[in-house]
Structures are given as structure tokens and as C-alpha cells.
$ cat my_file-v4.txt   # compact mmCIF, C-alpha atoms
# COMPACT_ATOMS: atom_id res chain seq x y z
CA MET A 1498 -41.46 63.54 -29.16
CA LYS A 1499 -41.01 64.39 -25.48
CA PRO A 1500 -40.64 61.46 -23.07
CA ALA A 1501 -41.08 62.71 -19.52
CA LEU A 1502 -40.93 61.47 -15.97
CA PRO A 1503 -43.13 63.21 -13.32
CA LEU A 1504 -41.23 63.84 -10.10
CA MET A 1505 -42.76 64.78 -6.71
CA ALA A 1506 -40.77 67.37 -4.81
CA LEU A 1507 -40.51 65.51 -1.51
CA GLY A 1508 -39.92 61.94 -0.42
CA LEU A 1509 -38.80 60.43 -3.75
CA PRO A 1510 -36.20 57.69 -3.30
CA ALA A 1511 -33.54 57.47 -6.03
CA LEU A 1512 -30.91 54.86 -6.90
CA LEU A 1513 -27.91 55.57 -9.08
CA ALA A 1514 -27.44 53.36 -12.15
CA PRO A 1515 -24.00 52.98 -13.76
CA PRO A 1516 -23.70 54.74 -17.13
CA THR A 1517 -22.94 52.76 -20.27
CA ALA A 1518 -20.48 53.84 -22.98
CA SER A 1519 -21.72 55.80 -26.00
CA ALA A 1520 -21.27 54.31 -29.45
CA GLY A 1521 -21.72 56.88 -32.22
CA LEU A 1522 -19.08 55.95 -34.84
CA VAL A 1523 -20.26 54.22 -38.02
CA GLU A 1524 -17.90 52.87 -40.70
CA GLN A 1525 -18.98 53.05 -44.34
CA THR A 1526 -17.42 51.99 -47.66
CA ARG A 1527 -18.95 53.99 -50.51
CA ALA A 1528 -18.35 54.91 -54.14
CA PHE A 1529 -17.67 58.60 -54.80
CA PHE A 1530 -18.47 60.09 -58.21
CA ILE A 1531 -16.76 63.19 -59.58
CA GLN A 1532 -19.35 65.92 -60.12
CA PRO A 1533 -19.77 67.51 -63.59
CA ALA A 1534 -18.72 71.02 -62.53
CA SER A 1535 -15.32 69.84 -61.30
CA SER A 1536 -12.56 71.78 -63.05
CA THR A 1537 -9.37 73.71 -62.44
CA GLN A 1538 -7.51 76.49 -64.18
CA VAL A 1539 -3.94 75.46 -64.96
CA GLY A 1540 -1.47 78.20 -65.69
CA LEU A 1541 2.06 79.04 -66.76
CA VAL A 1542 3.65 82.32 -65.63
CA THR A 1543 7.02 83.85 -66.50
CA GLU A 1544 8.82 87.18 -66.44
CA ALA A 1545 8.64 89.15 -69.70
CA VAL A 1546 10.14 92.45 -70.77
CA SER A 1547 6.81 94.07 -70.05
CA GLY A 1548 6.51 92.37 -66.65
CA VAL A 1549 4.92 89.14 -65.49
CA VAL A 1550 2.90 87.35 -68.20
CA GLY A 1551 1.00 84.10 -68.20
CA ALA A 1552 -1.62 81.92 -69.80
CA THR A 1553 -4.32 79.63 -68.42
CA ALA A 1554 -6.41 76.71 -69.63
CA THR A 1555 -9.32 74.74 -68.16
CA ARG A 1556 -8.92 71.15 -67.10
CA SER A 1557 -12.06 69.12 -66.36
CA PHE A 1558 -12.36 66.00 -64.19
CA SER A 1559 -14.45 62.82 -64.15
CA GLY A 1560 -14.31 59.25 -62.85
CA ASN A 1561 -15.01 57.63 -59.49
CA PHE A 1562 -13.29 55.98 -56.57
CA VAL A 1563 -14.19 53.97 -53.45
CA ALA A 1564 -13.34 55.16 -49.96
CA THR A 1565 -13.84 53.81 -46.45
CA PHE A 1566 -14.65 56.43 -43.84
CA VAL A 1567 -15.97 56.72 -40.29
CA VAL A 1568 -18.76 59.14 -39.43
CA ASP A 1569 -20.10 60.23 -36.03
CA ASN A 1570 -23.83 59.52 -36.18
CA GLN A 1571 -24.61 62.46 -33.87
CA SER A 1572 -22.41 65.30 -35.13
CA LEU A 1573 -21.98 63.87 -38.67
CA GLY A 1574 -18.29 64.72 -38.39
CA VAL A 1575 -15.87 62.53 -40.36
CA ALA A 1576 -13.41 60.79 -38.05
CA ASN A 1577 -11.38 58.80 -40.60
CA PHE A 1578 -11.03 58.61 -44.40
CA LEU A 1579 -9.13 56.14 -46.61
CA PHE A 1580 -9.12 55.66 -50.38
CA ASP A 1581 -9.64 52.05 -51.44
CA GLU A 1582 -9.62 51.92 -55.23
CA GLY A 1583 -10.62 53.77 -58.37
CA GLU A 1584 -9.29 56.77 -60.21
CA ILE A 1585 -10.03 60.36 -61.10
CA LEU A 1586 -9.84 61.03 -64.84
CA THR A 1587 -8.68 64.38 -66.12
CA SER A 1588 -9.02 65.85 -69.58
CA GLY A 1589 -6.13 66.96 -71.73
CA TYR A 1590 -5.62 70.67 -72.18
CA THR A 1591 -3.58 73.00 -74.34
CA LEU A 1592 -1.77 75.92 -72.76
CA GLU A 1593 -0.16 78.57 -74.98
CA LEU A 1594 2.01 81.46 -73.87
CA LEU A 1595 3.42 84.14 -76.21
CA ALA A 1596 5.54 86.99 -74.89
CA THR A 1597 8.78 88.87 -75.38
CA VAL A 1598 10.93 87.48 -72.58
CA GLN A 1599 14.14 88.96 -71.20
CA TYR A 1600 16.90 86.30 -71.06
CA ALA A 1601 20.34 86.51 -69.57
CA PRO A 1602 23.13 87.93 -71.75
CA PRO A 1603 24.09 87.43 -74.47
CA ILE A 1604 20.54 86.46 -75.49
CA GLY A 1605 18.62 89.50 -74.22
CA SER A 1606 15.03 90.03 -75.31
CA ALA A 1607 13.45 87.36 -77.47
CA VAL A 1608 9.97 86.51 -78.64
CA THR A 1609 9.05 83.29 -76.84
CA TYR A 1610 6.25 80.88 -77.63
CA ILE A 1611 5.48 78.00 -75.25
CA ILE A 1612 2.87 75.34 -75.86
CA ARG A 1613 1.98 72.77 -73.22
CA GLU A 1614 -0.34 69.96 -74.28
CA PRO A 1615 -0.75 66.18 -73.94
CA HIS A 1616 1.49 64.05 -76.08
CA PRO A 1617 -0.67 62.48 -78.83
CA ASP A 1618 0.82 59.03 -78.24
CA PHE A 1619 -0.24 58.85 -74.58
CA PRO A 1620 -3.53 57.27 -73.40
CA PRO A 1621 -6.07 59.39 -71.46
CA ALA A 1622 -4.64 61.04 -68.39
CA HIS A 1623 -5.60 60.06 -64.87
CA PHE A 1624 -4.43 60.18 -61.32
CA ARG A 1625 -5.29 58.02 -58.34
CA LEU A 1626 -5.08 59.08 -54.71
CA THR A 1627 -3.24 56.25 -52.99
CA PRO A 1628 -2.63 55.79 -49.24
CA LEU A 1629 1.04 55.09 -48.73
CA THR A 1630 0.49 51.92 -46.71
CA PHE A 1631 4.14 51.33 -45.94
CA ASN A 1632 4.11 54.66 -44.10
CA ALA A 1633 1.23 53.35 -41.98
CA ALA A 1634 -1.41 55.68 -43.41
CA ASP A 1635 -4.45 55.12 -41.21
CA GLY A 1636 -6.92 57.66 -42.56
CA ALA A 1637 -6.65 60.01 -39.61
CA LEU A 1638 -7.59 63.61 -40.36
CA LEU A 1639 -5.71 66.76 -39.44
CA PRO A 1640 -7.19 69.01 -36.71
CA ASP A 1641 -8.76 71.24 -39.39
CA GLY A 1642 -10.69 68.27 -40.84
CA THR A 1643 -8.58 67.87 -44.01
CA LEU A 1644 -6.72 64.79 -45.18
CA ASP A 1645 -3.10 64.45 -44.15
CA ASN A 1646 -1.37 65.03 -47.49
CA SER A 1647 1.83 63.47 -46.23
CA GLN A 1648 -0.02 60.14 -46.26
CA TYR A 1649 -1.49 60.45 -49.77
CA PHE A 1650 0.25 60.33 -53.11
CA LEU A 1651 -0.64 60.60 -56.77
CA PHE A 1652 0.01 57.30 -58.46
CA ALA A 1653 1.20 58.09 -61.99
CA ASP A 1654 1.51 55.11 -64.30
CA ARG A 1655 0.18 56.37 -67.61
CA GLY A 1656 1.55 59.89 -67.78
CA SER A 1657 -0.82 61.65 -65.42
CA GLN A 1658 -1.70 65.23 -66.33
CA VAL A 1659 -1.82 66.27 -62.70
CA THR A 1660 1.76 65.10 -62.12
CA GLY A 1661 3.23 66.78 -65.18
CA ARG A 1662 2.48 64.44 -68.07
CA THR A 1663 2.73 67.21 -70.58
CA VAL A 1664 5.06 68.24 -73.33
CA SER A 1665 6.34 71.81 -73.38
CA ASN A 1666 7.65 73.08 -76.70
CA ALA A 1667 9.38 76.43 -76.50
CA VAL A 1668 10.36 78.56 -79.48
CA ILE A 1669 12.75 81.40 -78.65
CA GLY A 1670 13.13 83.72 -81.56
CA SER A 1671 13.58 81.28 -84.42
CA SER A 1672 15.20 78.60 -82.27
CA ILE A 1673 13.14 75.55 -81.30
CA GLN A 1674 14.05 74.34 -77.81
CA PRO A 1675 13.98 70.68 -76.72
CA PRO A 1676 10.58 69.49 -75.46
CA VAL A 1677 10.13 68.78 -71.76
CA LEU A 1678 8.50 65.39 -71.57
CA VAL A 1679 7.56 63.41 -68.45
CA ASN A 1680 6.61 59.86 -69.38
CA TYR A 1681 5.23 57.83 -66.47
CA THR A 1682 4.26 55.04 -68.83
CA ILE A 1683 7.90 54.02 -68.75
CA SER A 1684 8.58 54.89 -65.11
CA PRO A 1685 5.51 54.76 -62.82
CA ALA A 1686 5.87 56.94 -59.75
CA LEU A 1687 4.29 57.93 -56.45
CA LEU A 1688 4.36 61.72 -56.33
CA PRO A 1689 3.18 64.03 -53.53
CA PHE A 1690 -0.47 65.04 -53.61
CA ARG A 1691 -0.72 68.83 -53.29
CA GLY A 1692 -4.45 69.56 -53.31
CA THR A 1693 -6.25 70.10 -50.00
CA ALA A 1694 -8.97 67.46 -49.61
CA THR A 1695 -11.81 67.88 -47.11
CA PRO A 1696 -14.48 65.21 -46.46
CA SER A 1697 -17.90 66.23 -45.16
CA ILE A 1698 -21.35 64.77 -44.52
CA GLU A 1699 -24.69 66.33 -45.46
CA GLU A 1700 -27.97 65.23 -43.89
CA ILE A 1701 -30.78 64.76 -46.42
CA SER A 1702 -33.51 63.61 -44.02
CA SER A 1703 -33.85 61.89 -40.66
CA THR A 1704 -36.15 59.91 -38.39
CA ILE A 1705 -35.77 58.85 -34.78
CA HIS A 1706 -34.04 55.68 -35.91
CA GLN A 1707 -31.99 56.61 -38.98
CA ARG A 1708 -30.36 59.51 -40.79
CA THR A 1709 -30.19 59.66 -44.57
CA ILE A 1710 -26.94 61.33 -45.58
CA ARG A 1711 -24.56 62.00 -48.45
CA ALA A 1712 -20.76 62.14 -48.26
CA THR A 1713 -18.67 64.68 -50.19
CA LEU A 1714 -14.95 65.08 -50.78
CA ASP A 1715 -13.85 68.53 -51.96
CA ILE A 1716 -10.32 68.76 -53.36
CA GLU A 1717 -9.15 72.37 -53.47
CA PHE A 1718 -6.21 73.16 -55.73
CA ASN A 1719 -4.30 76.35 -54.96
CA GLU A 1720 -0.92 75.30 -56.27
CA PHE A 1721 2.18 77.26 -57.29
CA GLU A 1722 5.41 75.49 -58.24
CA ASP A 1723 8.64 77.02 -59.54
CA LYS A 1724 10.24 75.15 -62.43
CA VAL A 1725 12.81 75.74 -65.13
CA LEU A 1726 12.19 74.88 -68.78
CA PRO A 1727 15.65 73.90 -70.07
CA GLY A 1728 16.94 75.49 -73.25
CA LEU A 1729 19.54 74.40 -75.76
CA THR A 1730 22.03 76.37 -73.69
CA ALA A 1731 21.94 77.48 -70.04
CA SER A 1732 21.34 81.06 -71.16
CA LEU A 1733 18.05 79.91 -72.75
CA ASN A 1734 16.75 78.25 -69.57
CA LEU A 1735 13.41 79.80 -68.68
CA PRO A 1736 12.14 80.00 -65.08
CA VAL A 1737 8.37 79.55 -64.96
CA VAL A 1738 5.71 79.12 -62.29
CA GLU A 1739 3.14 76.40 -62.85
CA THR A 1740 -0.22 77.07 -61.20
CA GLU A 1741 -3.47 75.20 -60.67
CA LEU A 1742 -6.58 76.72 -59.10
CA GLY A 1743 -10.03 75.18 -58.72
CA THR A 1744 -12.14 72.56 -57.00
CA VAL A 1745 -12.81 68.90 -57.74
CA THR A 1746 -15.91 67.60 -55.95
CA ALA A 1747 -16.79 63.93 -55.46
CA GLN A 1748 -20.05 62.75 -53.91
CA THR A 1749 -21.70 59.51 -52.92
CA GLY A 1750 -25.33 58.68 -53.45
CA THR A 1751 -27.60 58.95 -50.42
CA PHE A 1752 -27.47 56.22 -47.79
CA ALA A 1753 -28.79 55.64 -44.27
CA ILE A 1754 -26.95 55.22 -40.98
CA PRO A 1755 -28.54 54.43 -37.61
CA THR A 1756 -29.00 57.30 -35.16
CA ASP A 1757 -27.31 57.19 -31.80
CA TYR A 1758 -30.70 56.39 -30.26
CA ALA A 1759 -31.10 53.44 -32.66
CA ASP A 1760 -27.62 52.20 -31.69
CA TRP A 1761 -28.50 52.42 -28.00
CA ALA A 1762 -31.80 50.60 -28.56
CA GLY A 1763 -30.11 47.86 -30.59
CA ASP A 1764 -27.40 47.42 -27.96
CA ASN A 1765 -30.22 46.93 -25.43
CA GLY A 1766 -32.04 44.34 -27.53
CA LEU A 1767 -34.90 46.66 -28.54
CA ASP A 1768 -36.49 46.81 -31.97
CA GLN A 1769 -36.98 50.51 -32.85
CA PRO A 1770 -38.90 51.58 -29.74
CA ALA A 1771 -40.58 54.98 -29.72
CA PRO A 1772 -38.77 57.29 -27.26
CA GLU A 1773 -41.98 57.84 -25.27
CA ASP A 1774 -42.65 54.11 -24.86
CA PRO A 1775 -42.14 53.00 -21.24
CA ASN A 1776 -39.99 50.09 -20.13
CA PRO A 1777 -41.45 47.52 -17.65
CA ALA A 1778 -40.64 49.88 -14.79
CA GLY A 1779 -42.61 52.68 -16.44
CA ILE A 1780 -39.60 54.82 -17.45
CA ALA A 1781 -39.63 56.24 -20.99
CA TYR A 1782 -36.91 54.84 -23.24
CA GLY A 1783 -36.00 58.36 -24.38
CA ILE A 1784 -35.16 59.34 -20.78
CA LEU A 1785 -33.09 56.18 -20.28
CA TYR A 1786 -31.24 56.86 -23.52
CA ALA A 1787 -30.52 60.49 -22.63
CA LEU A 1788 -29.12 59.38 -19.26
CA ASP A 1789 -27.17 56.51 -20.90
CA LEU A 1790 -28.87 53.91 -18.71
CA PRO A 1791 -29.80 50.31 -19.55
CA ALA A 1792 -33.24 49.86 -21.10
CA ASP A 1793 -34.33 47.66 -18.19
CA ALA A 1794 -33.33 50.18 -15.48
CA THR A 1795 -35.84 50.33 -12.63
CA SER A 1796 -34.76 53.67 -11.16
CA LEU A 1797 -33.14 56.94 -12.13
CA PRO A 1798 -30.16 58.80 -10.60
CA ILE A 1799 -32.40 61.45 -9.07
CA GLY A 1800 -32.53 62.52 -5.43
CA VAL A 1801 -34.34 65.13 -3.28
CA ALA A 1802 -32.81 66.90 -0.32
CA ASN A 1803 -34.29 69.39 2.15
CA THR A 1804 -32.11 72.47 2.53
CA PRO A 1805 -32.56 75.70 4.52
CA ALA A 1806 -33.60 77.36 1.27
CA GLY A 1807 -36.14 74.67 0.46
CA PRO A 1808 -36.13 71.30 -1.31
CA VAL A 1809 -33.51 70.72 -4.02
CA VAL A 1810 -33.64 68.01 -6.67
CA THR A 1811 -30.31 66.61 -7.89
CA ILE A 1812 -29.85 64.50 -11.02
CA THR A 1813 -26.54 62.75 -11.60
CA LEU A 1814 -25.53 62.85 -15.26
CA PRO A 1815 -23.49 60.18 -17.12
CA ASP A 1816 -19.70 60.25 -16.87
CA ASP A 1817 -19.56 60.37 -20.68
CA GLY A 1818 -22.15 63.14 -20.84
CA LEU A 1819 -25.85 63.32 -21.63
CA ARG A 1820 -26.63 61.61 -24.92
CA ASN A 1821 -29.51 64.04 -25.47
CA ALA A 1822 -30.39 67.32 -23.80
CA LEU A 1823 -32.95 67.23 -20.99
CA GLY A 1824 -35.59 69.78 -20.04
CA VAL A 1825 -37.34 70.40 -16.73
CA GLU A 1826 -41.02 71.23 -16.31
CA TYR A 1827 -42.86 72.38 -13.16
CA SER A 1828 -46.42 72.10 -11.83
CA PRO A 1829 -47.68 73.38 -8.46
CA ASP A 1830 -50.10 70.44 -8.19
CA LEU A 1831 -51.08 67.42 -10.22
CA ALA A 1832 -54.56 68.83 -10.78
CA THR A 1833 -53.13 71.45 -13.14
CA PRO A 1834 -52.93 70.06 -16.69
CA ASP A 1835 -50.20 72.47 -17.83
CA TRP A 1836 -46.54 71.87 -17.14
CA PRO A 1837 -44.61 75.03 -18.04
CA ASP A 1838 -40.83 75.01 -18.31
CA LEU A 1839 -39.05 75.50 -15.01
CA PRO A 1840 -37.68 79.09 -14.96
CA VAL A 1841 -33.94 79.24 -15.54
CA VAL A 1842 -33.44 80.96 -12.16
CA HIS A 1843 -34.18 77.58 -10.56
CA PHE A 1844 -31.35 75.87 -12.49
CA LEU A 1845 -28.88 76.09 -9.63
CA ASP A 1846 -25.90 74.94 -11.77
CA GLY A 1847 -26.58 77.14 -14.77
CA ALA A 1848 -28.93 77.22 -17.75
CA ASP A 1849 -26.70 74.81 -19.69
CA SER A 1850 -26.48 72.16 -16.97
CA LEU A 1851 -28.74 69.75 -18.90
CA ASP A 1852 -27.30 70.34 -22.38
CA ARG A 1853 -26.13 67.36 -24.40
CA ASP A 1854 -22.71 66.13 -23.22
CA ALA A 1855 -23.22 67.73 -19.78
CA THR A 1856 -21.74 65.72 -16.89
CA GLY A 1857 -21.63 65.90 -13.10
CA GLU A 1858 -24.62 66.79 -10.98
CA ALA A 1859 -27.37 69.26 -11.86
CA ARG A 1860 -29.54 70.78 -9.09
CA PHE A 1861 -32.96 72.42 -9.22
CA SER A 1862 -35.11 74.35 -6.78
CA PHE A 1863 -38.88 74.95 -6.73
CA PRO A 1864 -40.79 78.13 -7.57
CA ALA A 1865 -43.37 77.65 -4.76
CA GLY A 1866 -41.33 76.64 -1.75
CA ASP A 1867 -42.00 73.23 -0.22
CA THR A 1868 -44.65 71.92 -2.59
CA GLY A 1869 -44.89 71.19 -6.26
CA PHE A 1870 -43.71 68.77 -8.87
CA LEU A 1871 -40.83 68.65 -11.34
CA ARG A 1872 -40.49 66.35 -14.31
CA PHE A 1873 -37.57 65.82 -16.64
CA THR A 1874 -38.18 65.64 -20.39
CA THR A 1875 -36.18 65.08 -23.53
CA THR A 1876 -36.93 65.61 -27.21
CA LEU A 1877 -35.37 63.40 -29.88
CA GLU A 1878 -35.34 64.83 -33.38

$ encode --input "my_file-v4.txt" --output "C-alpha cells"
Amino acid sequence: MKPALPLMALGLPALLAPPTASAGLVEQTRAFFIQPASSTQVGLVTEAVSGVVGATATRSFSGNFVATFVVDNQSLGVANFLFDEGEILTSGYTLELLATVQYAPPIGSAVTYIIREPHPDFPPAHFRLTPLTFNAADGALLPDGTLDNSQYFLFADRGSQVTGRTVSNAVIGSSIQPPVLVNYTISPALLPFRGTATPSIEEISSTIHQRTIRATLDIEFNEFEDKVLPGLTASLNLPVVETELGTVTAQTGTFAIPTDYADWAGDNGLDQPAPEDPNPAGIAYGILYALDLPADATSLPIGVANTPAGPVVTITLPDDGLRNALGVEYSPDLATPDWPDLPVVHFLDGADSLDRDATGEARFSFPAGDTGFLRFTTTLE
């Protein structure tokens, strides 16, 4: 759709109208569901006589949570993200490592077997991403668009797998070492969240008045943590590196948000007007929207001046920038039905002077000297 305003080259009076502020931010509270392919590879690595050895196992994820987030209805960028409630369930896994490990003297080389698995007496594992409200977590994102991990913690109250709710049995030679057991059933804890979480918005479809979208949160795990499995004596302590690699993806269902044009129309008391529909003064609503003017404006911030090089048309753009890009078309006389685009050479302030978000004044000259017509257009998609 291309609302347009014909403009005669000479003698057109113009009045400036004050710009209005852009809206654009929409708050949503939605349920996110963990996608079936979500899984990570957990690992255990240590130094053996033959070099570095390790073992891995797959951990799968399920569950759902609710989050409140703010999305820009033009760019679809996420401006804010907060977890409200819910939990992410994670399966148990069994991790087995068998190697001949070199210990400190007097132990020396010894065949070592380590098994890491959920304790059979514990209920199903889970973790919950929890904003630390007493640290004033406000959902702000880092400059790279990821969540600020310093404001999010794993709430472990039933022995969460992701926070170490595992039992590690180590057998060194013929000696069974004490199990390493972390039991958050007895002592609930808030532990740092290490995965990198990135929210994003995908557009499914759109109309002039609404965009149908889906929100996604990808949690990337690329974790390496040095630990020591204690032995019966200090000489049997075993340094290990715990790893976790993979992606957990949570998505909402599809939902609709108003477009920026719909917000502008609603703020002006209009009920879903077509952009090419004229207001009582005959100005297309799409043009008024692009210039961030009131819907009842009776004039546009356009002026014509005679210069030694010929007439020049100037349009004053909103202080907050054009809400939609404008185009300029030219006709030598009104009898010609075609209105081709004005050649870029006649954009006196550059080819991008009418791009969305452009501000200041944009000036235009005429291909045929002192006569002709210009009209400004805009296309809303």
C-alpha cells in the first residue's frame, strides 16, 4: 500500500506540525515450553597415565516456565526479559569413566573407575531460573542481547542435576572411595546460573495492523569447571573437570502484537484505518504516521523555495525520526499518468535522507527546471 501526497513545485504553502513520540514497546507474559530436541552432553575429564581421558553422557530437558518480556514491535528486538514461575526438568544420567590414573606418590598408577549417577532416593531432578529480586534484577539485557547471568540463579531445592545433585563413586585399585553427594533436599540453595541465555522473536506472519510472532529462549551450555573428588587420603584426591555442552530451547506458541502503525492509529482514536485512507483534510493516514503527525493534521511540514539553481522542496522530518521510510515520485505535468521515482541525483541530502529513523531536513530538486510535480509516498508492509 502506497499512500501519497501530490505536491506542486511552486507556490505551495506549508505549516510545521509538532512531532509526537513513538511508542513501539509491547510487554507480554507468556508460557515457554522446552522443545523435544533440547539436550546437553555432560562430561568428566581427568589426567591418566596415557594422557587426558574422559567420558560423556546425554542429559535431556523438558518442562515449562512463564516469563514477562518487552518486545519492540518494529524491530522485534527483545528489550527486557524476566522469569516469573515454572521449572525446567532434566533427566537423570549415568556417567562412567575407567582409566589408569597417575596419582601422587606413594600411590602412583592405579586403575580408577568413577560412576556419576542420580541417587535412587532423590525425586526427579529440576532447576528453576530465578531472578534474584533482592539484587534488584530488572530483566535488562546485556549489550550482546543475552541475559545478565549475574542476576539469575539456579534454585536447587530437590537435588538439581544441573547444580551437582549427583553421587560420584570412585574405585581406585581395589579401594572404594567415599561418595561425593550434594543433597539440596536438606539444604536448598541459590547457585550461579552458568549457561548463556538469549531471547529472540520470530515473525510468523503480519498485516498492516498486527504481527503474529513466536518468542524463543536459547540456553547455550559451554561449561568447564575444575573440581576435586576427595579420596580416603589426600594422596587419593582426584582433580577432574566437569563439562556440559549443548542447547536447551524454549518456545512460546504464536501470538499477535499490534504494529507500530496500529499503535499510532489507536493513540489517535482510529479503528484500524487503511494507510491510504485520507483524513478530513485529505492527507493519507500512512503519510501522517510516517511523519509522526496527529491524525487530524491539516498540513504537512513541507516547503518550497526558489534558489539560483531552481526550486527546492524541503520536508522537515520528526525529531524522533521517520516512523516509516518515505519515497519521492516526479511528474512533469499532471496530464501524465505515470509517476516515476525521483532520480537519486535530486536527493540533495543523500539517497538515505528519507530512510526510516531519518531526522532533520531533506531537500529535493526537480529534473525539469522550474516546472513539475513531486509527491511523497510511503509503503507499509

$ axis_aligned_box --input "my_file-v4.txt" --around "region 1835-1845 of chain A" --padding-each-side "6 Å" --output "lines of an AutoDock Vina configuration file"
center_x = -39.5
center_y = 76.4
center_z = -14.0
size_x = 33.3
size_y = 21.1
size_z = 20.7

$ closest_residue --input "my_file-v4.txt" --among "A:Pro1777, A:Pro1829, A:Pro1755, A:Gly1642" --to "Ser1697 (chain A)" --atoms "all atoms listed in the file"
A:Gly1642

$ closest_residue --input "my_file-v4.txt" --among "A:Leu1819, A:Leu1726, A:Ala1806, A:Leu1688" --to "Ala1865 (chain A)" --atoms "all atoms listed in the file"
A:Ala1806

$ atom_distance --input "my_file-v4.txt" --atom1 "CA of Ile1673 (chain A)" --atom2 "CA of Thr1555 (chain A)"
26.0 Å

$ closest_residue --input "my_file-v4.txt" --among "A:Val1841, A:Ile1585, A:Ile1812, A:Leu1733" --to "Thr1746 (chain A)" --atoms "all atoms listed in the file"
A:Ile1585

$ atom_distance --input "my_file-v4.txt" --atom1 "CA of Pro1775 (chain A)" --atom2 "CA of Asp1793 (chain A)"
9.9 Å

$ atom_distance --input "my_file-v4.txt" --atom1 "CA of Asp1789 (chain A)" --atom2 "CA of Glu1700 (chain A)"
24.6 Å

$ closest_residue --input "my_file-v4.txt" --among "A:Ala1747, A:Leu1742, A:Ile1799, A:Ala1545" --to "Phe1529 (chain A)" --atoms "all atoms listed in the file"
A:Ala1747

$ residues_near_point --input "my_file-v4.txt" --point "(14.1, 73.8, -69.9)" --cutoff "9 Å" --atoms "only C-alpha atoms" --output "short mmCIF file (atom, residue, chain, number, x, y, z; two decimals) with C-alpha atoms, in the frame of the given file"
data_model
loop_
_atom_site.label_atom_id
_atom_site.label_comp_id
_atom_site.auth_asym_id
_atom_site.auth_seq_id
_atom_site.Cartn_x
_atom_site.Cartn_y
_atom_site.Cartn_z
CA SER A 1665 6.34 71.81 -73.38
CA ALA A 1667 9.38 76.43 -76.50
CA GLN A 1674 14.05 74.34 -77.81
CA PRO A 1675 13.98 70.68 -76.72
CA PRO A 1676 10.58 69.49 -75.46
CA VAL A 1677 10.13 68.78 -71.76
CA LYS A 1724 10.24 75.15 -62.43
CA VAL A 1725 12.81 75.74 -65.13
CA LEU A 1726 12.19 74.88 -68.78
CA PRO A 1727 15.65 73.90 -70.07
CA GLY A 1728 16.94 75.49 -73.25
CA LEU A 1729 19.54 74.40 -75.76
CA ALA A 1731 21.94 77.48 -70.04
CA LEU A 1733 18.05 79.91 -72.75
CA ASN A 1734 16.75 78.25 -69.57
CA LEU A 1735 13.41 79.80 -68.68
CA PRO A 1736 12.14 80.00 -65.08
#

$ residues_around --input "my_file-v4.txt" --residues "Val1598 (chain A)" --least-positions-apart "4" --cutoff "7 Å" --atoms "all atoms listed in the file" --output "list in words"
Glu1544, Ala1545, Val1546, Ser1606, Ala1607, Val1608 and Thr1609 of chain A

$ closest_residue --input "my_file-v4.txt" --among "A:Pro1685, A:Gly1847, A:Pro1837, A:Pro1772" --to "Leu1877 (chain A)" --atoms "all atoms listed in the file"
A:Pro1772

$ residues_around --input "my_file-v4.txt" --residues "His1706 (chain A)" --least-positions-apart "6" --cutoff "9 Å" --atoms "all atoms listed in the file" --output "list in words"
Ile1754, Pro1755, Thr1756, Asp1757, Tyr1758, Ala1759, Asp1760, Gln1769 and Pro1770 of chain A

$ residues_around --input "my_file-v4.txt" --residues "region 1556-1570 of chain A" --least-positions-apart "3" --cutoff "7 Å" --atoms "all atoms listed in the file" --output "PyMOL selection string"
chain A and resi 1521-1531+1535-1539+1573-1590+1756-1757

$ closest_residue --input "my_file-v4.txt" --among "A:Leu1639, A:Thr1553, A:Tyr1649, A:Thr1876" --to "Ile1612 (chain A)" --atoms "only C-alpha atoms"
A:Thr1553

$ residues_around --input "my_file-v4.txt" --residues "Gly1818 (chain A)" --least-positions-apart "4" --cutoff "10 Å" --atoms "all atoms listed in the file" --output "count of residues only"
15

$ residues_around --input "my_file-v4.txt" --residues "region 1843-1845 of chain A" --least-positions-apart "3" --cutoff "12 Å" --atoms "all atoms listed in the file" --output "NGL selection string"
:A and (1806-1812 or 1824-1827 or 1838-1840 or 1848-1851 or 1858-1866 or 1871)
